[in-house]
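Have a look at the structure below, then the notes.
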Amino acid sequence: MVGNEPTRTTDGGAARGSIVGRLAGKRVFLTGVTGFLGQVVLERLLAEFPETGIVLLVRSQTGASSVERVHYLTRKPSFDRLRESLGSDDALLRLLDERVEVVDGDFSRGQPDLPGEIDVVIHSAAAVSFDPPIDEGFQTNLVGAMNLYRGVLAGGSRPALVHVSTAYVAGVQKGVIPERTLDHRVDWSLEADLALRARRDVEASSRKPELLERFLEDASREHSRAGPTTVADDAEQRRKGWMTKRLVEYGRQRARSLGWPDVYTFTKAMGERAVEELAAAEQLPLSIVRPSIIESALLHPAPG
């Protein structure tokens, strides 16, 4: 990422017309901070926006709280320059604790309970696998995103929305694609509903007698000497593996049938349309950011 230097006043402060000045006294809410893009955005906010409050949504994990996961981020190379400027790891952790409010939550599982007085939402979290099971892709990239935005609104905030998408949402097309609202007539709500229902349908199919018999026979050929319990466990794992492959293929073929190469670009395109409709209905400012592959830095936090 390339960061522009903020405009400075003669007394060393940020000019009020710069983005640093305009965000002074504001609160920025950020998702996806444990990812490649989100951690660099957090570092920039900490380093260059001293008067801006930061709120992070981070999911706790087994053995690590949400706060501990954020603290762990400071060990990564993205924070090397900031750590050096502050003088020590402890100083960086103190800055983090002073400036950042960490909310434990998972937007993909439902509408999170979020604080109020949020001025800007930067939503960069996503399921980035090209071909996940179709229900998982929709659950995170569309349903989860809407859960997040509705959670912010439920907290009483009326923020500007910055929705991070992908440069490839236009699908399989030739020629120049203008940076504007996507031109398609796909019903995102219907697609999401059927995608989430697909797991239930595939689950039912996986339990048909002829398939169960096949899974059991394959497991028995490989594990018959280990006993019936091992055979049964392996047969169940084969059933679950068949489900995953079926849901991946379901998504891949549905995406291609509508002009997208994979589930990732398909669900991100549907997510764009959903957030556009929400922002219009709620009269909220919306910016959609479409990065291509993010893999290296020209200048900051370090070249390479």
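Identifiers in this document derive from the order of the structure tokens: chains are assigned A, B, ..., residues are numbered from 1 separately in each chain, and ligands are numbered from 1 in order of occurrence.
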TODO: For region 202-213 of chain A, please output as a ChimeraX atom specification all residues within 10 Å (counting only C-alpha atoms; exclusion window: fewer than 4 positions along the same chain).
DONE: /A:197-198,217-219,235-236,238-244,246-247,250
Open item on the list: When you look at Gln111 (chain A) with a cut-off of 8 Å (counting only C-alpha atoms), what residues show up, excluding the ones that are within fewer than 2 positions of it in the same chain? I need them as a ChimeraX atom specification.
Closed with: /A:107-109,113,144,147-148,150-151
Task: Distance of CA of Glu98 (chain A) from CA of Val120 (chain A), expressed in Å to one decimal place - done: 19.3 Å
Task: Members of region 88-303 of chain A assigned strand (DSSP E) by DSSP, as a VMD selection string - done: chain A and resid 100 to 104 120 to 123 160 to 164 286 to 289
Task: CA of Thr265 (chain A) to CA of Val58 (chain A), distance in Å rounded to a single decimal - done: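 Taking CA of Thr265 (chain A) and CA of Val58 (chain A), their separation equals 24.1 Å.
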- [ ] Could you check which of A:Val33, A:Ala160, A:Ala47, A:Val40 is closest to Ala280 (chain A), using only C-alpha atoms?
- [x] A:Ala160
- [ ] Point out the residue among A:Met146, A:Leu93, A:Leu23, A:Ile177 with the least atom-to-atom distance to Asp119 (chain A), counting only C-alpha atoms.
- [x]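 Nearest to Asp119 (chain A): A:Leu23.
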- [ ] Rank A:Val121, A:Ala167, A:Ala226, A:Leu216 by their smallest atom-to-atom distance to Ser287 (chain A), using only C-alpha atoms, and report the top residue only.
- [x]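 Nearest to Ser287 (chain A): A:Val121.
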- [ ] Would you please work out which residue, of A:Ser78, A:Val248, A:Leu258, A:Asp104, is nearest to Ala297 (chain A) when using only C-alpha atoms?
- [x] A:Ser78
